[in-house]
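> Following this line is target-v1.cif, made up of mmCIF, C-alpha atoms:
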```
data_protein
#
loop_
_atom_site.group_PDB
_atom_site.id
_atom_site.type_symbol
_atom_site.label_atom_id
_atom_site.label_comp_id
_atom_site.auth_asym_id
_atom_site.auth_seq_id
_atom_site.Cartn_x
_atom_site.Cartn_y
_atom_site.Cartn_z
ATOM 1 C CA MET V 28 -51.096 77.531 -28.874
ATOM 2 C CA THR V 29 -48.491 76.618 -26.284
ATOM 3 C CA TYR V 30 -49.088 75.808 -22.632
ATOM 4 C CA ARG V 31 -47.106 78.936 -21.774
ATOM 5 C CA ASN V 32 -49.466 81.125 -23.787
ATOM 6 C CA ARG V 33 -52.535 79.540 -22.201
ATOM 7 C CA THR V 34 -51.033 80.052 -18.760
ATOM 8 C CA SER V 35 -50.250 83.680 -19.557
ATOM 9 C CA ALA V 36 -53.832 84.275 -20.676
ATOM 10 C CA ARG V 37 -55.132 82.694 -17.469
ATOM 11 C CA LEU V 38 -52.823 84.790 -15.315
ATOM 12 C CA ARG V 39 -54.025 87.926 -17.082
ATOM 13 C CA LEU V 40 -57.642 86.947 -16.475
ATOM 14 C CA ASP V 41 -57.013 86.180 -12.802
ATOM 15 C CA ALA V 42 -55.298 89.553 -12.413
ATOM 16 C CA THR V 43 -58.349 91.342 -13.804
ATOM 17 C CA LEU V 44 -60.620 89.509 -11.365
ATOM 18 C CA ASP V 45 -58.354 90.573 -8.515
ATOM 19 C CA HIS V 46 -58.429 94.139 -9.811
ATOM 20 C CA LEU V 47 -62.236 94.108 -9.921
ATOM 21 C CA ALA V 48 -62.298 92.885 -6.332
ATOM 22 C CA VAL V 49 -60.074 95.751 -5.206
ATOM 23 C CA THR V 50 -61.716 98.436 -7.336
ATOM 24 C CA PHE V 51 -65.282 97.640 -6.254
ATOM 25 C CA ARG V 52 -64.750 96.224 -2.756
ATOM 26 C CA ASP V 53 -66.369 99.186 -0.970
ATOM 27 C CA MET V 54 -69.316 99.591 -3.334
ATOM 28 C CA THR V 55 -72.936 99.353 -2.243
ATOM 29 C CA ALA V 56 -76.363 99.852 -3.736
ATOM 30 C CA HIS V 57 -77.859 103.308 -3.204
ATOM 31 C CA PRO V 58 -79.148 103.716 0.376
ATOM 32 C CA ASP V 59 -82.657 104.375 -0.938
ATOM 33 C CA GLU V 60 -82.635 101.500 -3.445
ATOM 34 C CA ALA V 61 -85.767 99.351 -3.317
ATOM 35 C CA ASN V 62 -87.365 96.470 -5.160
ATOM 36 C CA CYS V 63 -90.508 94.402 -5.078
ATOM 37 C CA THR V 64 -90.591 92.013 -2.131
ATOM 38 C CA CYS V 65 -93.038 89.791 -4.034
ATOM 39 C CA HIS V 66 -90.900 89.319 -7.143
ATOM 40 C CA TRP V 67 -87.313 90.189 -6.254
ATOM 41 C CA GLY V 68 -86.693 89.363 -2.592
ATOM 42 C CA SER V 69 -87.006 90.299 1.037
ATOM 43 C CA GLU V 70 -86.043 93.450 2.868
ATOM 44 C CA GLU V 71 -83.273 91.473 4.561
ATOM 45 C CA GLU V 72 -81.842 90.504 1.181
ATOM 46 C CA LEU V 73 -82.080 94.074 -0.062
ATOM 47 C CA ALA V 74 -80.157 95.203 3.004
ATOM 48 C CA LEU V 75 -77.260 92.944 1.983
ATOM 49 C CA LEU V 76 -76.794 95.013 -1.188
ATOM 50 C CA LYS V 77 -76.235 98.069 0.969
ATOM 51 C CA VAL V 78 -73.337 96.474 2.819
ATOM 52 C CA PRO V 79 -70.019 96.152 0.933
ATOM 53 C CA GLY V 80 -68.293 92.836 0.443
ATOM 54 C CA VAL V 81 -70.946 90.472 1.806
ATOM 55 C CA LYS V 82 -71.115 87.404 -0.419
ATOM 56 C CA LEU V 83 -74.558 86.753 -1.865
ATOM 57 C CA GLU V 84 -76.136 83.340 -2.172
ATOM 58 C CA PRO V 85 -76.224 82.182 -5.831
ATOM 59 C CA ASP V 86 -79.987 82.605 -6.137
ATOM 60 C CA LEU V 87 -79.870 86.112 -4.692
ATOM 61 C CA LEU V 88 -77.031 86.987 -7.058
ATOM 62 C CA ARG V 89 -79.115 85.698 -9.970
ATOM 63 C CA ARG V 90 -82.195 87.678 -8.950
ATOM 64 C CA THR V 91 -80.068 90.796 -8.566
ATOM 65 C CA TRP V 92 -78.338 90.743 -11.931
ATOM 66 C CA THR V 93 -81.473 89.743 -13.842
ATOM 67 C CA ALA V 94 -83.689 92.459 -12.325
ATOM 68 C CA THR V 95 -84.330 95.257 -14.806
ATOM 69 C CA ASP V 96 -86.087 97.730 -12.494
ATOM 70 C CA TRP V 97 -83.404 99.037 -10.155
ATOM 71 C CA ASP V 98 -83.550 102.787 -9.548
ATOM 72 C CA ASP V 99 -79.743 102.947 -9.733
ATOM 73 C CA PRO V 100 -78.620 99.910 -11.753
ATOM 74 C CA ALA V 101 -75.038 101.193 -11.925
ATOM 75 C CA ALA V 102 -74.660 101.157 -8.147
ATOM 76 C CA VAL V 103 -76.195 97.677 -7.903
ATOM 77 C CA LEU V 104 -73.885 96.359 -10.603
ATOM 78 C CA ARG V 105 -70.820 97.830 -8.925
ATOM 79 C CA ARG V 106 -71.892 96.184 -5.657
ATOM 80 C CA ILE V 107 -72.141 92.667 -7.118
ATOM 81 C CA LEU V 108 -69.500 92.889 -9.843
ATOM 82 C CA PRO V 109 -66.532 91.141 -8.151
ATOM 83 C CA GLN V 110 -68.641 88.118 -7.186
ATOM 84 C CA PHE V 111 -70.612 88.207 -10.435
ATOM 85 C CA ALA V 112 -67.498 88.307 -12.615
ATOM 86 C CA ALA V 113 -65.882 85.405 -10.742
ATOM 87 C CA ALA V 114 -69.052 83.344 -11.057
ATOM 88 C CA LEU V 115 -69.266 84.089 -14.782
ATOM 89 C CA VAL V 116 -65.673 83.092 -15.465
ATOM 90 C CA GLY V 117 -66.191 79.931 -13.451
ATOM 91 C CA GLY V 118 -69.238 78.948 -15.495
ATOM 92 C CA ARG V 119 -71.578 79.251 -12.514
ATOM 93 C CA VAL V 120 -74.068 81.624 -14.160
ATOM 94 C CA GLU V 121 -76.771 80.059 -16.320
ATOM 95 C CA PRO V 122 -79.070 82.611 -17.970
ATOM 96 C CA LEU V 123 -82.502 81.440 -19.001
ATOM 97 C CA PHE V 124 -82.242 82.549 -22.629
ATOM 98 C CA GLY V 125 -78.535 83.066 -23.391
ATOM 99 C CA MET V 126 -75.377 84.829 -22.292
ATOM 100 C CA GLU V 127 -76.510 87.948 -24.126
ATOM 101 C CA GLU V 128 -78.760 88.435 -21.077
ATOM 102 C CA VAL V 129 -75.635 88.921 -18.982
ATOM 103 C CA GLY V 130 -74.268 91.382 -21.511
ATOM 104 C CA ARG V 131 -77.436 93.427 -21.360
ATOM 105 C CA SER V 132 -77.295 93.386 -17.575
ATOM 106 C CA LEU V 133 -73.812 94.899 -17.740
ATOM 107 C CA ALA V 134 -74.960 97.412 -20.332
ATOM 108 C CA ARG V 135 -77.870 98.517 -18.108
ATOM 109 C CA GLY V 136 -75.291 99.595 -15.561
ATOM 110 C CA GLU V 137 -73.725 101.863 -18.233
ATOM 111 C CA TRP V 138 -70.270 100.798 -17.066
ATOM 112 C CA GLN V 139 -68.572 102.579 -19.955
ATOM 113 C CA GLN V 140 -69.735 105.879 -18.412
ATOM 114 C CA TRP V 141 -68.249 105.126 -14.994
ATOM 115 C CA PRO V 142 -65.131 106.898 -13.687
ATOM 116 C CA ALA V 143 -62.108 106.043 -15.805
ATOM 117 C CA GLU V 144 -60.483 103.588 -13.389
ATOM 118 C CA GLN V 145 -63.718 101.657 -12.880
ATOM 119 C CA ALA V 146 -64.569 101.498 -16.574
ATOM 120 C CA ALA V 147 -61.023 100.406 -17.401
ATOM 121 C CA ALA V 148 -61.241 97.566 -14.857
ATOM 122 C CA VAL V 149 -64.426 96.218 -16.462
ATOM 123 C CA ARG V 150 -63.056 96.631 -19.987
ATOM 124 C CA GLU V 151 -59.817 94.823 -19.172
ATOM 125 C CA TRP V 152 -61.705 91.987 -17.508
ATOM 126 C CA LEU V 153 -63.928 91.448 -20.562
ATOM 127 C CA HIS V 154 -60.968 91.525 -22.930
ATOM 128 C CA ALA V 155 -58.913 89.207 -20.739
ATOM 129 C CA TRP V 156 -61.810 86.768 -20.440
ATOM 130 C CA TRP V 157 -62.318 86.798 -24.208
ATOM 131 C CA ALA V 158 -58.610 86.311 -24.931
ATOM 132 C CA HIS V 159 -58.388 83.459 -22.425
ATOM 133 C CA THR V 160 -61.469 81.739 -23.850
ATOM 134 C CA LEU V 161 -59.921 81.689 -27.311
ATOM 135 C CA THR V 162 -56.867 79.874 -25.882
ATOM 136 C CA ASP V 163 -58.810 77.406 -23.729
ATOM 137 C CA PRO V 164 -59.754 74.097 -25.411
ATOM 138 C CA GLU V 165 -62.700 73.654 -23.020
ATOM 139 C CA PRO V 166 -63.759 77.056 -21.667
ATOM 140 C CA ALA V 167 -66.464 77.278 -19.033
ATOM 141 C CA VAL V 168 -68.431 79.545 -21.379
ATOM 142 C CA PRO V 169 -68.197 78.666 -25.104
ATOM 143 C CA ALA V 170 -66.707 81.332 -27.330
ATOM 144 C CA TYR V 171 -69.910 81.769 -29.313
ATOM 145 C CA GLU V 172 -71.820 82.550 -26.111
ATOM 146 C CA LEU V 173 -69.139 84.848 -24.742
ATOM 147 C CA LEU V 174 -69.065 86.781 -28.012
ATOM 148 C CA ALA V 175 -72.761 87.545 -27.570
ATOM 149 C CA LEU V 176 -72.148 88.642 -23.979
ATOM 150 C CA CYS V 177 -69.236 90.918 -24.851
ATOM 151 C CA THR V 178 -71.063 92.409 -27.821
ATOM 152 C CA GLU V 179 -74.153 93.243 -25.805
ATOM 153 C CA ALA V 180 -72.114 94.509 -22.831
ATOM 154 C CA SER V 181 -70.037 96.870 -24.982
ATOM 155 C CA THR V 182 -72.683 97.589 -27.674
ATOM 156 C CA THR V 183 -70.174 96.716 -30.396
ATOM 157 C CA LEU V 184 -69.063 93.548 -32.170
ATOM 158 C CA THR V 185 -65.968 94.922 -33.871
ATOM 159 C CA PRO V 186 -63.209 94.649 -31.206
ATOM 160 C CA TRP V 187 -64.125 91.080 -30.281
ATOM 161 C CA LEU V 188 -63.987 89.923 -33.884
ATOM 162 C CA ARG V 189 -60.654 91.703 -34.274
ATOM 163 C CA VAL V 190 -59.174 89.722 -31.388
ATOM 164 C CA TRP V 191 -60.510 86.461 -32.861
ATOM 165 C CA GLU V 192 -59.029 87.406 -36.213
ATOM 166 C CA GLU V 193 -55.632 87.963 -34.603
ATOM 167 C CA SER V 194 -55.810 84.723 -32.605
ATOM 168 C CA THR V 195 -54.403 82.514 -35.327
ATOM 169 C CA HIS V 196 -53.908 79.231 -33.522
ATOM 170 C CA PRO V 197 -55.655 75.832 -33.630
ATOM 171 C CA VAL V 198 -57.717 76.312 -30.473
ATOM 172 C CA ALA V 199 -59.241 79.559 -31.745
ATOM 173 C CA ASP V 200 -59.910 77.841 -35.092
ATOM 174 C CA ARG V 201 -61.777 75.007 -33.369
ATOM 175 C CA HIS V 202 -63.842 77.528 -31.443
ATOM 176 C CA LEU V 203 -64.772 79.110 -34.758
ATOM 177 C CA VAL V 204 -65.911 75.758 -36.142
ATOM 178 C CA LEU V 205 -68.098 75.196 -33.086
ATOM 179 C CA ALA V 206 -69.421 78.738 -33.248
ATOM 180 C CA PHE V 207 -70.455 78.545 -36.872
ATOM 181 C CA THR V 208 -72.044 75.156 -36.242
ATOM 182 C CA HIS V 209 -74.301 76.920 -33.739
ATOM 183 C CA TRP V 210 -74.795 80.031 -35.863
ATOM 184 C CA GLU V 211 -75.399 78.760 -39.381
ATOM 185 C CA TYR V 212 -79.122 78.058 -38.958
ATOM 186 C CA HIS V 213 -79.814 81.687 -38.025
ATOM 187 C CA LEU V 214 -77.292 83.300 -40.345
ATOM 188 C CA LEU V 215 -78.651 81.465 -43.356
ATOM 189 C CA GLY V 216 -82.001 82.972 -42.444
ATOM 190 C CA ASP V 217 -80.329 86.406 -42.291
ATOM 191 C CA GLU V 218 -80.822 86.529 -38.528
ATOM 192 C CA LEU V 219 -78.333 87.233 -35.776
ATOM 193 C CA PRO V 220 -77.666 84.101 -33.676
ATOM 194 C CA TRP V 221 -78.538 85.901 -30.439
ATOM 195 C CA THR V 222 -81.255 88.333 -29.454
ATOM 196 C CA VAL V 223 -80.531 92.043 -29.185
ATOM 197 C CA ARG V 224 -82.423 95.058 -27.956
ATOM 198 C CA GLY V 225 -83.046 98.041 -30.139
ATOM 199 C CA ASP V 226 -82.545 98.192 -33.877
ATOM 200 C CA THR V 227 -78.963 96.891 -34.167
ATOM 201 C CA GLU V 228 -79.727 93.309 -35.218
ATOM 202 C CA ALA V 229 -79.478 93.886 -38.972
ATOM 203 C CA THR V 230 -76.188 95.791 -38.834
ATOM 204 C CA THR V 231 -74.627 93.401 -36.332
ATOM 205 C CA CYS V 232 -75.730 90.394 -38.371
ATOM 206 C CA ALA V 233 -74.280 91.962 -41.530
ATOM 207 C CA GLU V 234 -70.964 92.634 -39.771
ATOM 208 C CA LEU V 235 -70.716 89.097 -38.433
ATOM 209 C CA THR V 236 -71.607 87.609 -41.818
ATOM 210 C CA ALA V 237 -69.051 89.740 -43.656
ATOM 211 C CA TRP V 238 -66.365 88.817 -41.125
ATOM 212 C CA LEU V 239 -67.114 85.119 -41.496
ATOM 213 C CA LEU V 240 -66.987 85.308 -45.286
ATOM 214 C CA GLY V 241 -63.642 87.070 -45.106
ATOM 215 C CA HIS V 242 -61.922 85.072 -42.368
ATOM 216 C CA ALA V 243 -63.708 81.809 -41.665
ATOM 217 C CA PRO V 244 -63.245 79.582 -44.765
ATOM 218 C CA ALA V 245 -59.517 78.938 -44.319
ATOM 219 C CA ARG V 246 -59.853 78.626 -40.563
ATOM 220 C CA LEU V 247 -62.708 76.156 -40.865
ATOM 221 C CA ARG V 248 -60.444 73.953 -42.943
ATOM 222 C CA ALA V 249 -57.698 74.284 -40.347
ATOM 223 C CA GLY V 250 -60.203 73.507 -37.596
ATOM 224 C CA GLY V 251 -61.395 70.299 -39.213
ATOM 225 C CA ALA V 252 -64.845 71.453 -40.315
ATOM 226 C CA SER V 253 -66.974 69.161 -42.450
ATOM 227 C CA ASP V 254 -67.535 69.739 -46.158
ATOM 228 C CA GLU V 255 -71.150 70.631 -45.413
ATOM 229 C CA LEU V 256 -70.087 73.392 -43.055
ATOM 230 C CA HIS V 257 -67.877 74.837 -45.792
ATOM 231 C CA HIS V 258 -70.906 74.922 -48.069
ATOM 232 C CA ARG V 259 -72.893 76.725 -45.370
ATOM 233 C CA ILE V 260 -70.231 79.443 -45.304
ATOM 234 C CA ARG V 261 -70.344 79.685 -49.091
ATOM 235 C CA LEU V 262 -74.115 80.064 -49.016
ATOM 236 C CA LEU V 263 -73.808 83.149 -46.819
ATOM 237 C CA ASP V 264 -72.537 84.935 -49.925
ATOM 238 C CA VAL V 265 -75.501 83.790 -52.022
ATOM 239 C CA THR V 266 -78.856 85.536 -51.895
ATOM 240 C CA GLY V 267 -82.451 84.852 -52.815
ATOM 241 C CA PRO V 268 -83.527 81.781 -54.796
ATOM 242 C CA ASP V 269 -79.916 80.914 -55.657
ATOM 243 C CA ARG V 270 -79.342 80.244 -51.964
ATOM 244 C CA TRP V 271 -82.611 78.395 -51.398
ATOM 245 C CA TYR V 272 -82.259 76.097 -54.411
ATOM 246 C CA ASP V 273 -78.598 75.332 -53.911
ATOM 247 C CA PRO V 274 -78.130 71.552 -53.444
ATOM 248 C CA HIS V 275 -76.414 72.249 -50.129
ATOM 249 C CA TRP V 276 -79.220 74.399 -48.743
ATOM 250 C CA PRO V 277 -80.193 72.740 -45.453
ATOM 251 C CA ASP V 278 -83.784 71.522 -45.457
ATOM 252 C CA ARG V 279 -84.372 72.683 -41.918
ATOM 253 C CA VAL V 280 -83.809 76.349 -42.829
ATOM 254 C CA TYR V 281 -86.762 78.209 -44.320
#
```
As a first step, turn the structure in this file into structure tokens.

Amino acid sequence: MTYRNRTSARLRLDATLDHLAVTFRDMTAHPDEANCTCHWGSEEELALLKVPGVKLEPDLLRRTWTATDWDDPAAVLRRILPQFAAALVGGRVEPLFGMEEVGRSLARGEWQQWPAEQAAAVREWLHAWWAHTLTDPEPAVPAYELLALCTEASTTLTPWLRVWEESTHPVADRHLVLAFTHWEYHLLGDELPWTVRGDTEATTCAELTAWLLGHAPARLRAGGASDELHHRIRLLDVTGPDRWYDPHWPDRVY
């Protein structure tokens, strides 16, 4: 991956952030929106969501995107999205349980059902952020966390894996090594490495496992993975007692 390609990916990402800022600059929460003053915040803070463009303090931004009980979550998301997206890309958002929380927050706003221009702006931002991350040796949000975010935000894993598959360069390979290092404990237990809502865990886990079996072995070698990690990939294709009694079955997985 050349410096020119990394720069191009960064310029694309910056352009999508600028486009979000323009597209959603006049957005506000619904005039009648309300929330609990005991658990969410004050009336004065709520009033800020009904004024376009006012920058929120980091803690208020966090309370706003994590709240699950907005009457009109789409309007709230549109209001905070330019600031929220910039904070995410800059690594200034730290969910309590994982970046999939952020993805679910975006999904609650049902952004894919928004008017075409708005939905396209969000979609392009997510794709640009994902493409940039795969070119960045030290991204603010690791690729394995961003994959969970994008999957939950879009309710599909397929397009993000496709981009990773097409990103055939050493940086993307190293991200895959790091990702599988974080995933293998769960995948060898036939569990998805991040939490999901609904009944999609089994199908998403199966898709991720199949993709890894088909595309990861050669890339792990290219990315400098250890011999043990190669055995972990191999074990994904082994089931039942044959997996558990394999000499390379990790003792910590049950």
> Would you translate the PyMOL selection byres ((chain V and resi 90) around 12) into the concrete set of residues it matches in this file, as number ranges by chain?
V: 62-64, 66-69, 72-73, 76, 83-89, 91-97, 103, 107, 111, 120-123, 132
> When you draw a straight line from atom CA of V:Glu211 to atom CA of V:Gly118, how long is it in Å?
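Interatomic distance here is 24.7 Å.
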> Please measure the separation of atom CA of V:Leu47 and atom CA of V:Pro109, giving the value in Å to one decimal.
5.5 Å
> Spell out the residues picked by the PyMOL selection byres ((chain V and resi 231) around 10) here, as a list of chain:residue names.
V:Thr178, V:Thr182, V:Thr183, V:Leu184, V:Thr185, V:Glu218, V:Leu219, V:Val223, V:Asp226, V:Thr227, V:Glu228, V:Ala229, V:Thr230, V:Cys232, V:Ala233, V:Glu234, V:Leu235, V:Thr236, V:Ala237
> Which protein, DNA or RNA residues have an atom at most 8 Å from (-67.7, 76.6, -18.8), counting all atoms listed in the file? List them as a VMD selection string.
chain V and resid 116 to 119 165 to 169
> Expressed in Å to a single decimal, how great is the separation between atom CA of V:Leu239 and atom CA of V:Pro164?
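Interatomic distance, atom CA of V:Leu239 to atom CA of V:Pro164: 20.8 Å.
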> Give the answer as one residue: which of V:Ala155, V:Leu262, V:Leu214, V:Ala245 has the shortest atom-to-atom distance to V:Ser35, using all atoms listed in the file?
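Closest to V:Ser35, using all atoms listed in the file: V:Ala155.
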> Would you write out, as a ChimeraX atom specification, every residue that the PyMOL selection byres ((chain V and resi 265-274) around 12) captures in this file?
/V:214-217,236,240,255,258-264,275-281
> Using only C-alpha atoms, give me every residue within 12 Å of (-66.4, 101.2, -16.4) in file coordinates, as a VMD selection string.
chain V and resid 47 50 to 51 101 to 102 104 to 105 108 133 to 153 180 to 181
> Tell me which of V:His202, V:His154, V:His209, V:Arg189 sits closest to V:Leu247, counting all atoms listed in the file.
V:His202
> So that all listed atoms of stretch 121-137 of chain V fit with 8 Å spare on each side, what axis-aligned box centre and edge lengths in Å, to one decimal, would you give as AutoDock Vina command-line options?

```
--center_x -78.1 --center_y 91.0 --center_z -19.8 --size_x 24.8 --size_y 37.8 --size_z 24.6
```
> Any idea what's packed within 9 Å of V:Trp157, counting only C-alpha atoms, ignoring anything in its chain fewer than 4 positions away? Could you give it as a ChimeraX atom specification?
/V:152-153,161-162,170,173-174,177,187,190-191
> Could you name the residues that touch V:Arg37 at 10 Å or less, counting only C-alpha atoms, but leaving out those on the same chain fewer than 6 positions away, as a PyMOL selection string?
chain V and resi 31+43+155-156+158-160+162-163
> Identify, on the basis of only C-alpha atoms, every residue whose closest approach to V:Thr55 does not exceed 6 Å; exclude the query and any residue fewer than 6 positions from it along the same chain; express the result as a list in words.
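Final neighbour list, sorted by chain and number: Leu76, Lys77, Val78, Pro79 and Arg106 of chain V.
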